[in-house]
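Undergrad: Have a look at the structure that comes next, please.
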Amino acid sequence: MFENLQEKLEVALKRFRGQATITENNIQEALDEIRKALIEADVNLNVARKFVEDVKEKAIGTEVRGKLLPEQLIVKIVRDELVELLGSKQSDILMSPQPPTVILVAGLQGSGKTTFCAKLAKNLRKKGRQPLLVACDVYRPAAIEQLKLLGSSANIPVFSQDSQDPIKIANEALAYAKRFARDVLIIDTAGRLTIDEQMMTEIRNLSNSLHPTETLFVCDAMIGQDAVTTAKAFNDVLNLTGIVLTKLDGDTRGGAALSVKSVVGKPIKFISTGEKIEALEPFHPERVASRILGMGDILTLVEKAEQEFDEKEAQKLEQKIRKNQFTFEDFLDQLRTIKKMGSIRDLLGLIPGMDKALRGVNIDDKSFSKVEAIILSMTKQERENPKILNGSRRRRIALGSGTTVQDVNRLIKQFEDMTKMMKNISRGGRSNFLSQFGLPKNFGI
Amino acid sequence: MGLFDKFKEKIASAVQSTTEALGFNKVQKGLEKTRSNFFQKFQSILGIGRKIDQSLLNDIEDILISSDIGIKSTEKIIKALKERIKKEGFEDSSDVILILKEEIQKILVESPSANVDREYKIDENNKPHTILVIGVNGVGKTTTIGKLAYNYKQVGRKVLIGAADTFRAAANEQLEIWAERAGVPIVQQKQGADPASVAYDTLNSAISKGFDVVIIDTAGRLHNKTNLMAELEKISRVMKKLKADAPNDVFLVLDATTGQNAIQQAKEFSKVAQITGIILTKLDGTAKGGVVIPIADELGIPVRYIGVGEKIDDLQVFDPVLFVEALFDNNETN
């Protein structure tokens, strides 16, 4: 699998080194790697092809300049293009000027429609709406029961009837909503296969009868090459207004998002992750783009680091490291710089491969507070000259910071290892991202 | 030519044996569509008399990738194909397709238990036969269990279902309805109960009442959720307390529409349970479920059953020959 597109691109772009502009010849190999990476991420074959062609057009003639290496530059172009295609604008649920607003929810079996309906209802209620869930899946055993249970756990009314006719149920729900001043109807429908003509006709009739303001297609993020066929079929029958991606909390690369978006051309409105009823997020194209590329959000990291990291200060720091004058005081500064950049877990997640390596590992931002507390409990002299930290000083620091002597010992040991390692790095060799921040790889974990 | 006839024969016999085994006098819809389209399809995509050249190989590669086979296995298959074309000196494109299918079938290998599966036989000296059904959310575990239970019941087995999906809203009710359709009893506890305890209860009751088959439903879980995966491990462990070799079968249910992530699913679930086979569902749609090929290739897990509809008799024993036929069908959508 293409765990690290960046690495592959480095190899593919070797010949490219030393050239000032991107040309058709020097990126062909890289483009092949990108196409493969997209397919491995379940982007539809034809969509991937067209995408790579577009990237090629954009990339050719681009000058290689600034701090980015050629492979980084190409990834940046690819990523920007992906983000744009996935939709750079946030798109909210549209409301009918004349309530009640009808939201029709459709999709394949098992894509997560019922759960999404309940989440959407809860979400809309938080925004001050009065939603009504409507159970129109009259086929799947216990589907209505499921919606009722989800509705009652979120304290949202569910309209259901002992009928086999979804159109009748929906229309009566509409009348009910008008009578009891519910301003949004969320219609849960049965899962259906696109080749099932009878079922597709049924949902078309349902749509024609209701004139929904929103028709959302719920799509399992794990869907493969078939995404295009399915999305197109639903769009042809229903004229969708938006897409909902579910199950993105797994480790799927989610290339389907791109396939579906490019076929349907409608905005991705929500990401539904997790089984808790609150787990509904607005769509962030950057996040999904990086996932599809399987490389973490490396450019965001670069940008963040550039913003927060003053170049001059970095030089000063390097001097200090060379001269072996790196102190706890400097360490504290760096820690605070990193903290400004966001949560440690998120930050590490931005580094390719890290997300995977960290799976199941619990990184607690609190452990950084602990480190901070320990350093703050040191005297100025101790911070400048860690060598004087003997047993009784360590005990005092532990007491002062509310930690244990073991914690203090561990930090001092880590600090010593770190300064050693940094010295090595600053002597030469390609530095990695973590060391740019002055942190050893295993720090804090 | 001879090779072709042999192939047709093989398909025909495979269909027959599948349907006869359960006494179903119909050829299931999902695969019927496939067969009727098959021969005419090849003529259109690959053209009779078309020469073997790079463009043909590219077309084949596209078909494979569009079926979710993935880059790695596709490249492997194409490489094997090229070598054989060279060595055995084929010239016509229709020959190439046959070789291609042979190569894919080699990867897929029919499960050694296919005949047993087809007749729903169990080891008479080791009852009850215990089956654990696992998978991510929404793949069709509960529906599949209904069908499995029905098929065992049809051959005269006493089946008991355990409702160990104590998490999802209305999972109990859904399984109850399927159990009723299949005409088999079910063991349940309250929503939120410990799934391992439900599994234990079910097996305990099956042993004391002399049931032949026990099928345990579990909650859908994404394979990167560590706690939920540990819970699966616990279910197996607890079952072993009553029957040392339980569960005898662990079926991973995969949705045929799933792409490359299915490989990850198979890998991760393998870590917590000894998967004895895959049940591939929703094959009656347009998705082809090609991802079982890299799974067979990389992990050696056989596909045992396929789901081709929502009715209770819509579960068939997997047949690699038929499956490969279906794979090459209906590519005009791409």
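In the structure tokens, each chain is lettered A, B, ... as it comes, each chain's residues begin at 1, and ligands are numbered from 1 in order of appearance.
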Among the residues of stretch 25-256 of chain B, find those DSSP assigns to strand (DSSP E or B) from the backbone and print them as a list of chain:residue names.

TA: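 Strand (DSSP E or B) assignments inside stretch 25-256 of chain B correspond to B:Lys51, B:Asp92, B:His129, B:Thr130, B:Ile131, B:Leu132, B:Val133, B:Ile134, B:Val159, B:Leu160, B:Ile161, B:Gly162, B:Ala163, B:Ala164, B:Ile186, B:Val187, B:Val213, B:Val214, B:Ile215, B:Ile216, B:Asp217, B:Thr218, B:Asp249, B:Val250, B:Phe251, B:Leu252, B:Val253, B:Leu254, B:Asp255.
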
Undergrad: Select, as a PyMOL selection string, those residues of chain A with any atom no more than 8 Å from chain B (distances computed using only C-alpha atoms).

TA: chain A and resi 1+36+39-42+44-46+109-112+141-143+145-147+149-150+193-195+222-227+229-230+249-253+359-360

Undergrad: Keeping only N, CA, C and O atoms, take the residues you just selected and write them out as a compact mmCIF listing (two decimals), in the first residue's frame.

TA:
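out.txt, freshly written:
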```txt
# COMPACT_ATOMS: atom_id res chain seq x y z
N MET A 1 0.84 -1.20 0.00
CA MET A 1 0.00 0.00 0.00
C MET A 1 0.88 1.25 0.00
O MET A 1 2.04 1.21 0.36
N LYS A 36 -1.57 5.95 -9.07
CA LYS A 36 -1.67 4.69 -8.33
C LYS A 36 -2.13 4.94 -6.89
O LYS A 36 -2.95 4.21 -6.36
N ILE A 39 -5.78 5.46 -6.81
CA ILE A 39 -6.56 4.24 -7.00
C ILE A 39 -6.52 3.38 -5.74
O ILE A 39 -7.53 2.82 -5.33
N GLU A 40 -5.35 3.32 -5.13
CA GLU A 40 -5.25 2.57 -3.88
C GLU A 40 -6.12 3.18 -2.80
O GLU A 40 -6.50 2.52 -1.85
N ALA A 41 -6.41 4.47 -2.95
CA ALA A 41 -7.28 5.13 -1.98
C ALA A 41 -8.74 5.01 -2.40
O ALA A 41 -9.61 5.65 -1.86
N ASP A 42 -9.01 4.18 -3.43
CA ASP A 42 -10.37 3.93 -3.93
C ASP A 42 -10.96 5.06 -4.74
O ASP A 42 -12.17 5.13 -4.91
N ASN A 44 -12.07 6.42 -8.09
CA ASN A 44 -12.44 5.73 -9.30
C ASN A 44 -11.38 5.91 -10.39
O ASN A 44 -10.80 6.98 -10.54
N LEU A 45 -11.14 4.84 -11.15
CA LEU A 45 -10.08 4.82 -12.16
C LEU A 45 -10.15 6.02 -13.11
O LEU A 45 -9.17 6.71 -13.34
N ASN A 46 -11.34 6.25 -13.65
CA ASN A 46 -11.47 7.35 -14.61
C ASN A 46 -11.32 8.72 -13.96
O ASN A 46 -10.74 9.63 -14.53
N GLN A 109 -27.93 0.11 1.11
CA GLN A 109 -28.11 -0.56 2.40
C GLN A 109 -26.84 -0.46 3.23
O GLN A 109 -25.73 -0.59 2.71
N GLY A 110 -27.02 -0.23 4.52
CA GLY A 110 -25.88 -0.28 5.42
C GLY A 110 -24.93 0.90 5.32
O GLY A 110 -23.82 0.85 5.83
N SER A 111 -25.34 1.97 4.64
CA SER A 111 -24.43 3.10 4.50
C SER A 111 -24.48 3.99 5.74
O SER A 111 -23.59 4.82 5.95
N GLY A 112 -25.53 3.83 6.55
CA GLY A 112 -25.61 4.59 7.78
C GLY A 112 -26.66 5.69 7.76
O GLY A 112 -26.52 6.71 8.43
N PRO A 141 -36.13 -5.11 8.53
CA PRO A 141 -36.67 -5.46 9.84
C PRO A 141 -36.12 -4.53 10.91
O PRO A 141 -34.93 -4.27 10.97
N ALA A 142 -37.01 -4.02 11.73
CA ALA A 142 -36.66 -3.20 12.90
C ALA A 142 -36.02 -1.85 12.56
O ALA A 142 -35.47 -1.20 13.43
N ALA A 143 -36.12 -1.43 11.31
CA ALA A 143 -35.55 -0.13 10.95
C ALA A 143 -36.31 1.00 11.66
O ALA A 143 -35.71 1.95 12.15
N GLU A 145 -38.03 0.71 14.40
CA GLU A 145 -37.69 0.58 15.81
C GLU A 145 -36.36 1.29 16.11
O GLU A 145 -36.21 2.00 17.09
N GLN A 146 -35.40 1.10 15.22
CA GLN A 146 -34.08 1.71 15.40
C GLN A 146 -34.19 3.23 15.42
O GLN A 146 -33.62 3.90 16.29
N LEU A 147 -34.95 3.78 14.47
CA LEU A 147 -35.09 5.23 14.41
C LEU A 147 -35.81 5.75 15.67
O LEU A 147 -35.45 6.78 16.22
N LEU A 149 -35.79 4.41 18.65
CA LEU A 149 -34.88 4.36 19.79
C LEU A 149 -33.88 5.50 19.73
O LEU A 149 -33.61 6.18 20.73
N LEU A 150 -33.31 5.73 18.54
CA LEU A 150 -32.35 6.83 18.39
C LEU A 150 -33.03 8.16 18.69
O LEU A 150 -32.47 9.03 19.35
N LEU A 193 -30.61 -0.80 -3.79
CA LEU A 193 -29.59 -0.96 -4.83
C LEU A 193 -30.06 -0.22 -6.06
O LEU A 193 -31.24 -0.20 -6.36
N THR A 194 -29.11 0.36 -6.76
CA THR A 194 -29.49 1.18 -7.91
C THR A 194 -30.08 0.37 -9.05
O THR A 194 -30.77 0.91 -9.90
N ILE A 195 -29.80 -0.94 -9.09
CA ILE A 195 -30.36 -1.73 -10.18
C ILE A 195 -31.78 -2.23 -9.86
O ILE A 195 -32.42 -2.84 -10.69
N MET A 222 -16.06 3.92 2.85
CA MET A 222 -15.21 2.78 2.49
C MET A 222 -15.54 2.21 1.11
O MET A 222 -14.90 1.27 0.66
N ILE A 223 -16.52 2.78 0.45
CA ILE A 223 -16.97 2.24 -0.84
C ILE A 223 -15.82 2.32 -1.87
O ILE A 223 -15.01 3.22 -1.84
N GLY A 224 -15.78 1.34 -2.73
CA GLY A 224 -14.70 1.25 -3.72
C GLY A 224 -15.07 1.84 -5.07
O GLY A 224 -15.75 2.87 -5.14
N GLN A 225 -14.64 1.20 -6.12
CA GLN A 225 -14.80 1.71 -7.48
C GLN A 225 -16.27 1.91 -7.86
O GLN A 225 -16.59 2.69 -8.74
N ASP A 226 -17.15 1.19 -7.20
CA ASP A 226 -18.56 1.25 -7.54
C ASP A 226 -19.21 2.58 -7.14
O ASP A 226 -20.34 2.87 -7.53
N ALA A 227 -18.49 3.38 -6.37
CA ALA A 227 -19.04 4.64 -5.88
C ALA A 227 -19.63 5.48 -7.01
O ALA A 227 -20.71 6.06 -6.89
N THR A 229 -20.78 4.60 -10.06
CA THR A 229 -22.01 4.05 -10.62
C THR A 229 -23.18 4.35 -9.70
O THR A 229 -24.24 4.80 -10.15
N THR A 230 -22.97 4.10 -8.42
CA THR A 230 -24.04 4.26 -7.45
C THR A 230 -24.47 5.72 -7.33
O THR A 230 -25.65 6.05 -7.41
N ASP A 249 -14.43 7.46 10.41
CA ASP A 249 -13.60 7.29 11.60
C ASP A 249 -12.80 6.00 11.55
O ASP A 249 -12.02 5.71 12.44
N GLY A 250 -12.98 5.22 10.52
CA GLY A 250 -12.13 4.05 10.32
C GLY A 250 -10.81 4.49 9.72
O GLY A 250 -10.49 5.67 9.70
N ASP A 251 -10.04 3.54 9.19
CA ASP A 251 -8.76 3.93 8.60
C ASP A 251 -8.85 3.97 7.08
O ASP A 251 -7.84 3.89 6.39
N THR A 252 -10.06 4.10 6.57
CA THR A 252 -10.20 4.14 5.13
C THR A 252 -9.62 5.43 4.57
O THR A 252 -9.62 6.46 5.23
N ARG A 253 -9.10 5.35 3.36
CA ARG A 253 -8.51 6.54 2.75
C ARG A 253 -9.59 7.44 2.16
O ARG A 253 -9.36 8.61 1.90
N ARG A 359 -1.46 4.77 16.65
CA ARG A 359 -2.75 4.16 16.89
C ARG A 359 -2.74 3.41 18.22
O ARG A 359 -1.88 2.58 18.48
N GLY A 360 -3.68 3.71 19.07
CA GLY A 360 -3.74 3.01 20.34
C GLY A 360 -2.84 3.63 21.41
O GLY A 360 -2.95 3.32 22.57
```

Undergrad: To test your reading of the structure, identify every residue in stretch 166-289 of chain A that backbone DSSP assigns to alpha helix (DSSP H), and report it as JSON, numbers by chain.

TA: {"A": [166, 167, 168, 169, 170, 171, 172, 173, 174, 175, 176, 177, 178, 179, 197, 198, 199, 200, 201, 202, 203, 204, 205, 206, 207, 208, 209, 210, 227, 228, 229, 230, 231, 232, 233, 234, 235, 236, 237, 238, 256, 257, 258, 259, 260, 261, 262, 263, 264, 285, 286, 287, 288, 289]}

Undergrad: When you look at B:Gly156 with a cut-off of 10 Å (counting only C-alpha atoms), what residues show up, excluding the ones that are within fewer than 6 positions of it in the same chain? I need them as a PyMOL selection string.

TA: chain B and resi 120+150+212

Undergrad: Keeping only all heavy atoms, take the residues you just selected and write them out as a PDB file, in the first residue's frame.

TA:
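So the final result, stored in result.pdb, reads:
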```pdb
ATOM      1  N   TYR B 120     -24.456 -27.846   4.158  1.00  0.00           N
ATOM      2  CA  TYR B 120     -24.629 -27.458   5.563  1.00  0.00           C
ATOM      3  C   TYR B 120     -24.436 -28.646   6.507  1.00  0.00           C
ATOM      4  O   TYR B 120     -25.203 -28.877   7.413  1.00  0.00           O
ATOM      5  CB  TYR B 120     -25.990 -26.763   5.755  1.00  0.00           C
ATOM      6  CG  TYR B 120     -25.989 -25.405   5.087  1.00  0.00           C
ATOM      7  CD1 TYR B 120     -26.349 -25.267   3.750  1.00  0.00           C
ATOM      8  CD2 TYR B 120     -25.550 -24.282   5.770  1.00  0.00           C
ATOM      9  CE1 TYR B 120     -26.284 -24.039   3.121  1.00  0.00           C
ATOM     10  CE2 TYR B 120     -25.492 -23.051   5.146  1.00  0.00           C
ATOM     11  CZ  TYR B 120     -25.856 -22.927   3.818  1.00  0.00           C
ATOM     12  OH  TYR B 120     -25.786 -21.725   3.194  1.00  0.00           O
ATOM     13  N   TYR B 150     -31.501 -20.051   8.403  1.00  0.00           N
ATOM     14  CA  TYR B 150     -32.543 -20.641   7.560  1.00  0.00           C
ATOM     15  C   TYR B 150     -32.005 -21.849   6.797  1.00  0.00           C
ATOM     16  O   TYR B 150     -32.637 -22.909   6.753  1.00  0.00           O
ATOM     17  CB  TYR B 150     -33.056 -19.570   6.593  1.00  0.00           C
ATOM     18  CG  TYR B 150     -34.034 -20.085   5.559  1.00  0.00           C
ATOM     19  CD1 TYR B 150     -35.382 -20.251   5.881  1.00  0.00           C
ATOM     20  CD2 TYR B 150     -33.618 -20.395   4.265  1.00  0.00           C
ATOM     21  CE1 TYR B 150     -36.280 -20.709   4.937  1.00  0.00           C
ATOM     22  CE2 TYR B 150     -34.515 -20.863   3.318  1.00  0.00           C
ATOM     23  CZ  TYR B 150     -35.846 -21.013   3.661  1.00  0.00           C
ATOM     24  OH  TYR B 150     -36.732 -21.474   2.716  1.00  0.00           O
ATOM     25  N   ASP B 212     -27.759 -28.231  17.360  1.00  0.00           N
ATOM     26  CA  ASP B 212     -26.711 -28.649  16.429  1.00  0.00           C
ATOM     27  C   ASP B 212     -25.788 -27.481  16.065  1.00  0.00           C
ATOM     28  O   ASP B 212     -24.596 -27.659  15.858  1.00  0.00           O
ATOM     29  CB  ASP B 212     -27.319 -29.171  15.123  1.00  0.00           C
ATOM     30  CG  ASP B 212     -28.240 -30.342  15.371  1.00  0.00           C
ATOM     31  OD1 ASP B 212     -27.844 -31.226  16.143  1.00  0.00           O
ATOM     32  OD2 ASP B 212     -29.351 -30.358  14.800  1.00  0.00           O
TER      33      ASP B 212
END
```

Undergrad: In Å, how far is it from atom CA of B:Gln316 to atom CA of B:Asn115?

TA: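 Spanning atom CA of B:Gln316 to atom CA of B:Asn115 is a straight-line distance of 11.9 Å.
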
Undergrad: Atom CA of A:Val158 to atom CA of A:Ala173: how many Å, to one decimal?

TA: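 Pair atom CA of A:Val158 / atom CA of A:Ala173 returns 9.4 Å.
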
Undergrad: List as a list in words the protein and nucleic acid residues near A:Pro97, meaning an atom at most 12 Å away when only C-alpha atoms are counted, but skip any in the same chain fewer than 5 places from it.

TA: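 Here the qualifying residues turn out to be Val102, Asp183, Val184 and Thr213 of chain A.
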
Undergrad: Return the single residue from B:Arg157, B:Lys241, B:Lys271, B:Lys76 that is closest to B:Ile107, with distances computed using only C-alpha atoms.

TA: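 When distances to B:Ile107 are compared using only C-alpha atoms, the smallest one comes from B:Lys76.
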